[in-house]
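Quick look at data_38.csv (CSV, C-alpha atoms and all ligand atoms):
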```
chain,number,residue,atom,x,y,z
A,1,MET,CA,61.5,79.9,4.3
A,2,LEU,CA,59.6,76.7,5.0
A,3,ALA,CA,62.7,75.3,6.8
A,4,GLU,CA,62.9,78.4,8.9
A,5,ARG,CA,59.3,78.2,9.9
A,6,GLU,CA,59.6,74.5,10.8
A,7,ALA,CA,62.8,75.2,12.8
A,8,ALA,CA,60.9,78.0,14.6
A,9,LYS,CA,58.2,75.6,15.5
A,10,TYR,CA,60.6,72.9,16.7
A,11,PRO,CA,64.0,74.2,17.8
A,12,PHE,CA,65.2,70.6,18.4
A,13,LEU,CA,65.2,69.8,14.6
A,14,ARG,CA,68.7,69.3,13.2
A,15,GLU,CA,67.8,71.6,10.4
A,16,GLY,CA,67.1,74.5,12.8
A,17,ILE,CA,70.2,73.9,14.8
A,18,ASN,CA,72.2,74.0,11.5
A,19,LEU,CA,70.5,77.2,10.5
A,20,LEU,CA,71.4,78.8,13.8
A,21,GLU,CA,75.0,77.6,13.7
A,22,GLY,CA,75.3,79.0,10.1
A,23,LEU,CA,74.3,82.5,11.4
A,24,ASP,CA,77.1,82.4,14.0
A,25,LEU,CA,75.7,85.4,15.9
A,26,GLN,CA,77.8,87.0,18.6
A,27,LEU,CA,76.5,88.6,21.8
A,28,GLU,CA,77.5,92.1,20.8
A,29,GLU,CA,75.4,91.8,17.6
A,30,LEU,CA,72.4,90.5,19.6
A,31,ALA,CA,72.7,93.5,21.9
A,32,GLY,CA,72.2,95.9,18.9
A,33,PRO,CA,68.9,97.4,17.9
A,34,ALA,CA,68.5,95.0,14.9
A,35,TYR,CA,67.9,92.2,17.3
A,36,SER,CA,65.9,93.9,20.0
A,37,LYS,CA,62.7,92.0,18.9
A,38,VAL,CA,64.6,88.7,19.2
A,39,VAL,CA,65.9,89.4,22.7
A,40,ASP,CA,62.5,90.6,23.9
A,41,ARG,CA,60.9,87.4,22.6
A,42,ALA,CA,63.6,85.4,24.4
A,43,LYS,CA,62.8,87.2,27.6
A,44,GLU,CA,59.1,86.6,27.0
A,45,ARG,CA,59.7,82.9,26.4
A,46,VAL,CA,61.3,82.5,29.8
A,47,ILE,CA,58.7,84.7,31.6
A,48,GLU,CA,55.9,82.7,30.0
A,49,ALA,CA,57.5,79.5,31.3
A,50,ILE,CA,57.7,81.0,34.8
A,51,LEU,CA,54.2,82.5,34.9
A,52,ASN,CA,52.2,80.1,32.6
A,53,GLY,CA,54.1,76.9,32.5
A,54,GLU,CA,53.7,77.0,28.7
A,55,THR,CA,55.5,78.9,26.0
A,56,SER,CA,53.4,80.5,23.3
A,57,SER,CA,54.1,80.2,19.6
A,58,ARG,CA,54.6,83.2,17.4
A,59,PHE,CA,55.0,82.6,13.7
A,60,VAL,CA,54.3,86.0,12.2
A,61,ASP,CA,58.0,86.4,12.2
A,62,PRO,CA,59.6,82.9,12.1
A,63,GLN,CA,63.1,84.3,12.2
A,64,THR,CA,62.5,86.1,15.5
A,65,GLU,CA,60.9,83.0,16.9
A,66,LEU,CA,63.8,80.8,15.8
A,67,LEU,CA,66.5,83.0,17.1
A,68,SER,CA,64.8,83.7,20.4
A,69,TYR,CA,65.0,80.1,21.5
A,70,PRO,CA,68.8,79.8,22.0
A,71,ILE,CA,68.9,83.2,23.7
A,72,ALA,CA,66.1,82.1,26.1
A,73,VAL,CA,68.2,79.0,26.8
A,74,MET,CA,71.2,81.2,27.5
A,75,TYR,CA,69.1,83.2,30.0
A,76,VAL,CA,68.0,80.1,31.8
A,77,THR,CA,71.6,78.7,32.1
A,78,LEU,CA,72.8,82.1,33.4
A,79,ILE,CA,70.1,82.0,36.2
A,80,SER,CA,71.2,78.5,36.8
A,81,GLU,CA,68.3,77.3,39.1
A,82,GLN,CA,67.3,73.7,38.8
A,83,PHE,CA,63.6,74.6,39.4
A,84,LEU,CA,63.7,77.1,36.5
A,85,ASN,CA,65.5,74.6,34.3
A,86,ARG,CA,62.7,72.1,34.8
A,87,ARG,CA,59.9,74.7,34.4
A,88,PHE,CA,61.5,76.0,31.2
A,89,SER,CA,62.0,72.6,29.7
A,90,LEU,CA,58.5,71.6,30.5
A,91,SER,CA,57.0,74.8,29.1
A,92,GLU,CA,58.9,74.4,25.8
A,93,ALA,CA,57.9,70.8,25.6
A,94,VAL,CA,54.2,71.7,26.2
A,95,ARG,CA,54.5,74.2,23.4
A,96,ALA,CA,55.9,71.5,21.1
A,97,TYR,CA,53.1,69.1,22.1
A,98,SER,CA,50.4,71.6,21.2
A,99,LEU,CA,52.0,72.1,17.7
A,100,LEU,CA,52.7,68.4,17.2
A,101,GLN,CA,49.0,67.6,17.8
A,102,LYS,CA,48.2,69.6,14.6
A,103,GLU,CA,50.6,67.5,12.5
A,104,ASP,CA,49.7,64.4,10.5
A,105,GLU,CA,51.1,61.0,11.3
A,106,ASP,CA,53.7,61.3,8.5
A,107,ARG,CA,55.3,64.4,10.1
A,108,ILE,CA,55.2,62.8,13.6
A,109,LEU,CA,56.8,59.7,12.2
A,110,ASP,CA,59.5,61.7,10.4
A,111,ILE,CA,60.4,63.6,13.6
A,112,ALA,CA,60.3,60.5,15.7
A,113,LEU,CA,62.6,58.5,13.4
A,114,ASN,CA,65.0,61.2,12.3
A,115,GLU,CA,65.3,63.4,15.3
A,116,PHE,CA,64.8,61.0,18.2
A,117,ASP,CA,65.7,57.6,16.7
A,118,TRP,CA,62.5,56.0,17.9
A,119,ASP,CA,61.7,52.4,16.8
A,120,ILE,CA,58.3,53.4,15.3
A,121,LYS,CA,56.4,52.5,12.2
A,122,GLU,CA,53.2,53.3,10.4
A,123,ASP,CA,50.7,50.5,10.7
A,124,PRO,CA,47.1,51.8,11.0
A,125,GLU,CA,44.4,49.9,12.8
A,126,THR,CA,41.2,50.8,14.6
A,127,ILE,CA,41.0,49.8,18.3
A,128,ASP,CA,37.8,50.5,20.3
A,129,GLY,CA,36.8,53.0,17.6
A,130,GLU,CA,40.1,54.9,17.7
A,131,ILE,CA,42.4,55.1,14.8
A,132,MET,CA,45.9,54.1,15.8
A,133,ASN,CA,48.2,55.0,12.9
A,134,LEU,CA,51.5,54.3,14.6
A,135,LYS,CA,53.2,51.5,16.4
A,136,LEU,CA,56.1,52.1,18.8
A,137,SER,CA,58.5,49.5,20.1
A,138,PHE,CA,57.8,48.2,23.6
A,139,SER,CA,61.2,49.5,25.0
A,140,ASP,CA,60.6,53.1,23.7
A,141,TYR,CA,57.1,53.0,25.0
A,142,LEU,CA,58.2,52.0,28.5
A,143,ARG,CA,60.9,54.6,28.5
A,144,LEU,CA,58.6,57.4,27.5
A,145,ALA,CA,55.4,56.6,29.3
A,146,ALA,CA,57.0,55.6,32.6
A,147,GLY,CA,56.0,58.9,34.3
A,148,PHE,CA,52.4,58.8,33.2
A,149,HIS,CA,49.7,58.0,35.9
A,150,GLU,CA,46.6,57.9,33.7
A,151,PRO,CA,45.2,54.3,33.4
A,152,LYS,CA,45.2,54.5,29.6
A,153,TRP,CA,49.0,54.5,29.6
A,154,LYS,CA,49.4,51.4,31.7
A,155,LEU,CA,50.7,48.4,29.7
A,156,VAL,CA,47.7,46.2,30.7
A,157,ASN,CA,45.5,48.7,28.9
A,158,ARG,CA,47.5,48.8,25.7
A,159,LYS,CA,47.4,46.5,22.7
A,160,MET,CA,50.9,45.0,22.1
A,161,GLU,CA,51.7,42.9,19.1
A,162,ASN,CA,55.2,41.5,18.2
A,163,GLY,CA,56.8,44.0,20.6
A,164,TYR,CA,55.0,47.1,19.3
A,165,ILE,CA,52.3,49.2,21.0
A,166,ALA,CA,49.6,50.8,18.9
A,167,LEU,CA,49.3,54.6,19.3
A,168,THR,CA,47.0,57.4,18.0
A,169,ASP,CA,48.8,60.4,16.5
A,170,LYS,CA,47.9,62.5,19.6
A,171,GLU,CA,49.4,59.9,21.9
A,172,SER,CA,52.6,59.8,19.8
A,173,ALA,CA,52.7,63.6,20.1
A,174,ARG,CA,52.3,63.3,23.9
A,175,LEU,CA,55.2,60.9,24.2
A,176,MET,CA,57.2,63.2,22.1
A,177,GLN,CA,56.6,65.9,24.6
A,178,VAL,CA,58.5,63.8,27.1
A,179,GLU,CA,61.4,63.5,24.6
A,180,VAL,CA,61.4,67.3,23.9
A,181,GLU,CA,61.4,68.1,27.7
A,182,LYS,CA,64.5,65.8,28.2
A,183,TRP,CA,66.2,67.4,25.1
A,184,VAL,CA,65.6,71.0,26.4
A,185,ASN,CA,66.6,70.0,30.0
A,186,GLU,CA,69.9,68.6,28.8
A,187,ARG,CA,70.6,72.0,27.2
A,188,VAL,CA,69.8,74.2,30.1
A,189,SER,CA,71.3,72.0,32.9
A,190,THR,CA,74.8,73.2,32.5
A,191,PRO,CA,75.1,76.5,34.3
A,192,SER,CA,76.9,79.4,32.6
A,193,ASN,CA,78.5,82.5,33.9
A,194,PHE,CA,79.8,85.2,31.6
A,195,PRO,CA,79.2,89.0,31.4
A,196,LEU,CA,76.4,90.2,29.1
A,197,PRO,CA,76.2,93.5,27.1
A,198,LEU,CA,73.9,95.9,29.0
A,199,PRO,CA,70.8,95.5,26.8
A,200,LEU,CA,70.9,91.7,27.4
A,201,GLN,CA,71.7,92.0,31.0
A,202,THR,CA,68.7,94.4,31.5
A,203,ARG,CA,66.4,91.7,30.2
A,204,LEU,CA,68.1,89.0,32.3
A,205,ASP,CA,67.5,91.2,35.4
A,206,GLU,CA,63.8,91.5,34.5
A,207,ILE,CA,63.5,87.7,34.2
A,208,LYS,CA,65.2,87.2,37.5
A,209,LYS,CA,62.8,89.6,39.2
A,210,VAL,CA,59.8,87.8,37.8
A,211,PHE,CA,61.3,84.5,38.8
A,212,GLU,CA,62.0,85.6,42.4
A,213,GLU,CA,58.6,87.1,42.8
A,214,ASN,CA,56.9,83.9,41.7
A,215,ARG,CA,59.1,81.0,42.7
A,216,SER,CA,57.5,80.4,46.1
A,217,LYS,CA,54.0,80.3,44.8
A,218,LEU,CA,55.2,77.9,42.1
A,219,GLY,CA,56.7,75.6,44.6
A,220,GLY,CA,60.4,76.4,43.9
A,221,SER,CA,61.2,78.2,47.1
A,222,ALA,CA,63.9,77.2,49.6
A,223,LEU,CA,62.6,74.7,52.1
A,224,PRO,CA,61.4,76.0,55.5
A,225,ASP,CA,63.7,75.5,58.5
A,226,GLU,CA,61.2,73.5,60.5
A,227,VAL,CA,60.1,70.0,59.4
A,228,ILE,CA,56.4,70.0,58.4
A,229,ASN,CA,55.2,66.4,58.8
A,230,GLU,CA,51.8,67.1,57.3
A,231,ALA,CA,53.5,68.0,54.0
A,232,PHE,CA,55.3,64.7,53.5
A,233,PRO,CA,54.5,63.0,50.2
A,234,PRO,CA,52.6,59.7,50.2
A,235,CYS,CA,55.7,57.7,49.3
A,236,ILE,CA,57.6,59.0,52.4
A,237,ASN,CA,54.6,58.4,54.6
A,238,TYR,CA,54.5,54.8,53.2
A,239,CYS,CA,58.2,54.3,54.2
A,240,LEU,CA,57.7,55.9,57.6
A,241,GLU,CA,54.6,53.9,58.4
A,242,GLY,CA,56.3,50.7,57.2
A,243,LEU,CA,59.2,51.3,59.6
A,244,MET,CA,56.9,52.0,62.5
A,245,ALA,CA,54.8,48.9,61.7
A,246,GLY,CA,58.0,46.8,61.8
A,247,ARG,CA,57.9,46.0,58.1
A,248,ARG,CA,61.3,45.1,56.6
A,249,ALA,CA,62.2,48.1,54.6
A,250,SER,CA,63.9,47.7,51.2
A,251,HIS,CA,67.2,49.5,50.6
A,252,MET,CA,65.4,52.0,48.3
A,253,GLU,CA,62.8,52.8,50.9
A,254,ARG,CA,65.5,53.5,53.5
A,255,PHE,CA,67.5,55.6,51.1
A,256,ALA,CA,64.4,57.6,50.0
A,257,LEU,CA,63.3,58.2,53.5
A,258,THR,CA,66.8,59.2,54.8
A,259,THR,CA,67.7,61.4,51.9
A,260,PHE,CA,64.3,63.1,52.1
A,261,LEU,CA,64.6,63.8,55.9
A,262,VAL,CA,68.2,65.0,55.5
A,263,ASN,CA,67.1,67.4,52.7
A,264,ILE,CA,64.2,68.9,54.5
A,265,GLY,CA,66.5,69.7,57.4
A,266,MET,CA,65.6,67.1,60.1
A,267,PRO,CA,68.4,67.3,62.7
A,268,ILE,CA,70.7,64.2,62.5
A,269,GLU,CA,70.1,63.5,66.3
A,270,GLN,CA,66.4,63.4,65.7
A,271,MET,CA,66.8,61.0,62.8
A,272,VAL,CA,69.1,58.7,64.7
A,273,SER,CA,66.8,58.5,67.7
A,274,PHE,CA,63.8,58.0,65.5
A,275,TYR,CA,65.4,55.1,63.6
A,276,THR,CA,66.7,53.4,66.7
A,277,GLU,CA,63.4,53.8,68.6
A,278,VAL,CA,61.2,52.3,65.9
A,279,THR,CA,63.7,49.6,64.6
A,280,ASP,CA,66.4,47.5,66.1
A,281,PHE,CA,69.0,49.4,64.0
A,282,ASP,CA,72.4,49.7,65.6
A,283,GLU,CA,72.9,53.3,66.7
A,284,SER,CA,76.5,53.8,65.5
A,285,LYS,CA,75.8,52.3,62.1
A,286,THR,CA,72.6,54.2,61.7
A,287,ARG,CA,74.4,57.5,62.6
A,288,TYR,CA,77.2,56.7,60.2
A,289,GLN,CA,74.8,56.0,57.3
A,290,ILE,CA,72.8,59.2,58.0
A,291,GLU,CA,75.9,61.3,58.2
A,292,HIS,CA,77.2,59.7,55.0
A,293,ILE,CA,74.0,60.6,53.2
A,294,ALA,CA,74.1,64.1,54.6
A,295,GLY,CA,77.6,64.6,53.2
A,296,LEU,CA,79.2,64.8,56.6
A,297,LYS,CA,81.2,61.6,56.2
A,298,GLY,CA,82.8,59.6,53.4
A,299,ASN,CA,82.9,61.4,50.0
A,300,ARG,CA,81.2,64.5,51.4
A,301,THR,CA,78.4,64.3,48.9
A,302,LYS,CA,75.0,65.2,50.1
A,303,TYR,CA,72.5,62.9,48.4
A,304,THR,CA,69.1,64.0,47.2
A,305,PRO,CA,66.1,61.7,47.2
A,306,PRO,CA,65.5,59.7,44.0
A,307,THR,CA,63.0,61.0,41.5
A,308,CYS,CA,59.4,59.9,41.3
A,309,ASN,CA,60.3,57.8,38.3
A,310,THR,CA,62.9,55.9,40.2
A,311,LEU,CA,60.7,55.4,43.2
A,312,ARG,CA,57.9,54.1,40.9
A,313,THR,CA,60.3,51.6,39.4
A,314,HIS,CA,61.3,50.4,42.8
A,315,ARG,CA,57.6,50.3,44.0
A,316,VAL,CA,58.2,52.9,46.6
A,317,CYS,CA,55.7,55.3,45.0
A,318,ARG,CA,52.5,54.4,46.9
A,319,ASN,CA,49.1,56.1,47.0
A,320,PRO,CA,50.0,59.1,44.8
A,321,ASP,CA,47.6,61.9,45.1
A,322,ARG,CA,46.6,65.0,43.0
A,323,ILE,CA,49.7,66.9,43.9
A,324,CYS,CA,51.8,64.0,42.6
A,325,ASP,CA,50.3,64.6,39.1
A,326,ARG,CA,52.0,67.9,38.9
A,327,ILE,CA,55.5,67.1,40.3
A,328,ASN,CA,58.3,64.7,39.5
A,329,HIS,CA,60.3,64.7,42.8
A,330,PRO,CA,59.3,64.1,46.4
A,331,LEU,CA,61.0,67.4,47.5
A,332,SER,CA,58.8,69.3,44.9
A,333,TYR,CA,55.8,67.6,46.5
A,334,TYR,CA,56.9,68.9,49.9
A,335,ARG,CA,57.4,72.4,48.7
A,336,ARG,CA,54.1,72.6,46.8
A,337,LYS,CA,52.1,71.2,49.7
A,338,ILE,CA,53.7,73.7,52.1
A,339,TRP,CA,52.9,76.5,49.7
A,340,GLY,CA,49.3,75.3,49.6
A,341,MET,CA,49.1,75.1,53.4
A,342,GLN,CA,50.6,78.6,53.8
A,343,ARG,CA,48.2,80.0,51.2
A,344,ARG,CA,45.2,78.5,52.9
A,345,ALA,CA,46.4,79.8,56.3
A,346,GLU,CA,46.9,83.3,54.9
A,347,GLU,CA,43.4,83.2,53.3
A,348,GLU,CA,41.9,82.1,56.6
A,349,ALA,CA,43.8,84.9,58.5
A,350,THR,CA,42.5,87.5,56.0
A,351,ARG,CA,38.9,86.2,56.4
A,352,GLN,CA,39.3,86.3,60.2
A,353,ALA,CA,40.7,89.9,60.1
A,354,GLU,CA,37.9,91.0,57.8
A,355,LYS,CA,35.3,89.5,60.2
A,356,GLU,CA,36.8,91.1,63.2
A,357,SER,CA,37.0,94.5,61.5
A,358,GLU,CA,33.3,94.4,60.6
A,359,PRO,CA,31.1,96.3,63.1
A,360,SER,CA,29.0,93.8,65.1
A,361,ASN,CA,25.2,93.8,64.8
A,362,THR,CA,25.0,95.1,68.4
A,363,ALA,CA,27.3,97.9,67.6
A,364,LYS,CA,25.3,98.7,64.4
A,365,GLN,CA,22.1,98.9,66.5
A,366,LYS,CA,23.6,101.3,68.9
A,401,LIG,S1,54.5,60.6,42.7
A,401,LIG,FE1,56.4,61.0,43.6
A,401,LIG,S2,55.9,62.2,45.4
A,401,LIG,FE2,54.1,61.2,44.8
A,401,LIG,S3,54.0,59.3,46.0
A,401,LIG,FE3,54.9,58.8,44.0
A,401,LIG,S4,57.1,59.1,44.3
A,401,LIG,FE4,56.1,60.1,46.0
```

Let me see whether you can do it: turn the structure in this file into structure tokens.
Ligand code: SF4
Amino acid sequence: MLAEREAAKYPFLREGINLLEGLDLQLEELAGPAYSKVVDRAKERVIEAILNGETSSRFVDPQTELLSYPIAVMYVTLISEQFLNRRFSLSEAVRAYSLLQKEDEDRILDIALNEFDWDIKEDPETIDGEIMNLKLSFSDYLRLAAGFHEPKWKLVNRKMENGYIALTDKESARLMQVEVEKWVNERVSTPSNFPLPLPLQTRLDEIKKVFEENRSKLGGSALPDEVINEAFPPCINYCLEGLMAGRRASHMERFALTTFLVNIGMPIEQMVSFYTEVTDFDESKTRYQIEHIAGLKGNRTKYTPPTCNTLRTHRVCRNPDRICDRINHPLSYYRRKIWGMQRRAEEEATRQAEKESEPSNTAKQK
């Protein structure tokens, strides 16, 4: 029973995976009334991810909680939308983080060592009044904390001794959130496509409806047809400004800029004339490279911009702002900013309409 509860808390534990495999449930069984609570909870997990960005934890009935996880994963793979994959992975990881924060260092150590193979050890010390119970190897720390912007995660602000970084229990749990997100994302990233029994299909349709109704406000909508310069992320502005100022752009800067412009729908002609106007690039070479990136030449692959992590590593991530804290890809930044701009425009239009519909003071006096 304890194992089941633990597995319900952390679906990534080997113990839980073994428990589930042992049950060997088939879709037809899951569609029966005996499992209606489970499939409802699975639906709820995905909807919570869409609406709240965090999955709740329900342990009154650990078996339902445990079984609902793989079904929720199945729903996400059947919808097969990258944006939902990321949102679901993050929501499940945030759920794990809130549970891990309540664990003692022995449990965190146990999970880190046995489930994620971290090079971590118990070695308590107090630094600036904080108890740091655990020490994580430099390489694991770098890998896991690379996406964090807060100053406290920067290496210069950490104590490192013999290749190990001291961590509080809470910090270790936060790093584990990154690991869980990656783990879940790997499991939802392969799309699936198979028919479902009606009771399961009905729930899937409900999830799809909620997803479609909310995706644009969450920043996962298709990109607009016209290019909105004001919504460019700081890294892309940095690349653009550099080009215009005649700075020699690195390969990564040019790749990030071109892939970004291609993906937001800037016409090839416009890009070619922009590049050749502001630089001394050769027109035919520039055209070929842009068309190659756009998937019109060569191996016919349309390239997407690198992630924020990669751009950070190559020092192209410059002047990140508040939107950057909530995204991990320049295209997500663009979508989110456009959504914010549209929302503000709609609010302004509503305010204006309300003002115009009010009777004027003069009219009132009449
Ligand atoms: S966080 Fe991402 S979107 Fe923001 S500036 Fe850095 S690379 Fe660009």

Self-check item: Within 12 Å of ligand LIG 401 (chain A) (only C-alpha atoms and all ligand atoms), residues as a VMD selection string
Solution: chain A and resid 146 to 149 231 to 239 252 to 253 256 to 257 260 305 to 337

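The spacing separating atom CA of Ser89 of chain A from atom CA of Val210 of chain A amounts to 17.4 Å.
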
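With atom CA of Glu92 of chain A on one side and atom CA of Val180 of chain A on the other, the separation reads 7.8 Å.
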
Quiz item: Excluding same-chain residues fewer than 4 positions from Leu23 of chain A, what lies within 12 Å of it counting only C-alpha atoms, as a PyMOL selection string?
Solution: chain A and resi 16-19+29-30+63+66-67

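Comparing A:Met341, A:Ala166, A:Ile47, A:Ile127 by their smallest distance to Arg215 of chain A, the closest is A:Ile47 (using only C-alpha atoms).
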
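The smallest atom-to-atom distance between Ala3 of chain A and any of A:Met176, A:Ala112, A:Ala294, A:Leu20, using all atoms listed in the file, is found for A:Leu20.
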
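Proximity to Thr258 of chain A was assessed for A:Glu212, A:Glu291, A:Glu277, A:Asp169 counting only C-alpha atoms; the smallest distance is recorded for A:Glu291.
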
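The closest residue to Lys159 of chain A, picked from A:Ser137, A:Ser189, A:Asn214, A:Gln177 and counting only C-alpha atoms, is A:Ser137.
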
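You will find atom CA of Arg300 of chain A at 21.8 Å from atom CA of Thr190 of chain A.
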
List the spatial neighbours of Thr77 of chain A as an mmCIF file with C-alpha atoms, in the frame of the given file - criterion: any atom at most 9 Å away, only C-alpha atoms, same-chain residues fewer than 4 positions off excluded.
```
data_model
loop_
_atom_site.group_PDB
_atom_site.id
_atom_site.type_symbol
_atom_site.label_atom_id
_atom_site.label_comp_id
_atom_site.auth_asym_id
_atom_site.auth_seq_id
_atom_site.Cartn_x
_atom_site.Cartn_y
_atom_site.Cartn_z
ATOM 1 C CA ALA A 72 66.100 82.100 26.100
ATOM 2 C CA VAL A 73 68.200 79.000 26.800
ATOM 3 C CA GLU A 81 68.300 77.300 39.100
ATOM 4 C CA ASN A 85 65.500 74.600 34.300
ATOM 5 C CA ARG A 187 70.600 72.000 27.200
ATOM 6 C CA VAL A 188 69.800 74.200 30.100
ATOM 7 C CA SER A 189 71.300 72.000 32.900
ATOM 8 C CA THR A 190 74.800 73.200 32.500
ATOM 9 C CA PRO A 191 75.100 76.500 34.300
ATOM 10 C CA SER A 192 76.900 79.400 32.600
ATOM 11 C CA ASN A 193 78.500 82.500 33.900
#
```

Quiz prompt | Who sits within 10 Å of Arg287 of chain A, all atoms listed in the file, same chain under 2 positions skipped, as a list of chain:residue names | solution = A:Ile268, A:Glu269, A:Met271, A:Val272, A:Ser273, A:Tyr275, A:Thr276, A:Phe281, A:Asp282, A:Glu283, A:Ser284, A:Lys285, A:Gln289, A:Ile290, A:Glu291, A:His292, A:Ile293

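The list of residues with at least one atom within 10 Å of Asp104 of chain A, based on all atoms listed in the file and without residues fewer than 5 positions apart in the same chain, reads Leu109, Asn133, Asp169 and Lys170 of chain A.
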
Each residue of segment 10-98 of chain A lying at most 8 Å from segment 199-203 of chain A should get a row with its shortest atom-to-atom pair and the distance in Å to one decimal, counting all atoms listed in the file; could you produce that, ordered by chain and increasing number, as a tab-separated table?
```
residue	atom	partner	partner_atom	distance
A:Ala31	CA	A:Pro199	CA	5.6
A:Val39	CA	A:Leu200	CA	7.2
A:Asp40	CA	A:Arg203	CA	7.5
A:Lys43	CA	A:Arg203	CA	6.3
```

Quiz item: Given the choices A:Ile131, A:Ala8, A:Leu25, A:Leu78, which gets closest to Asp61 of chain A if the distance is worked out from only C-alpha atoms?
Solution: A:Ala8

Quiz item: Using all atoms listed in the file, what residues lie at most 9 Å away from (59.4, 79.5, 12.5) (file coordinates), given as a PyMOL selection string?
Solution: chain A and resi 1-11+57-66
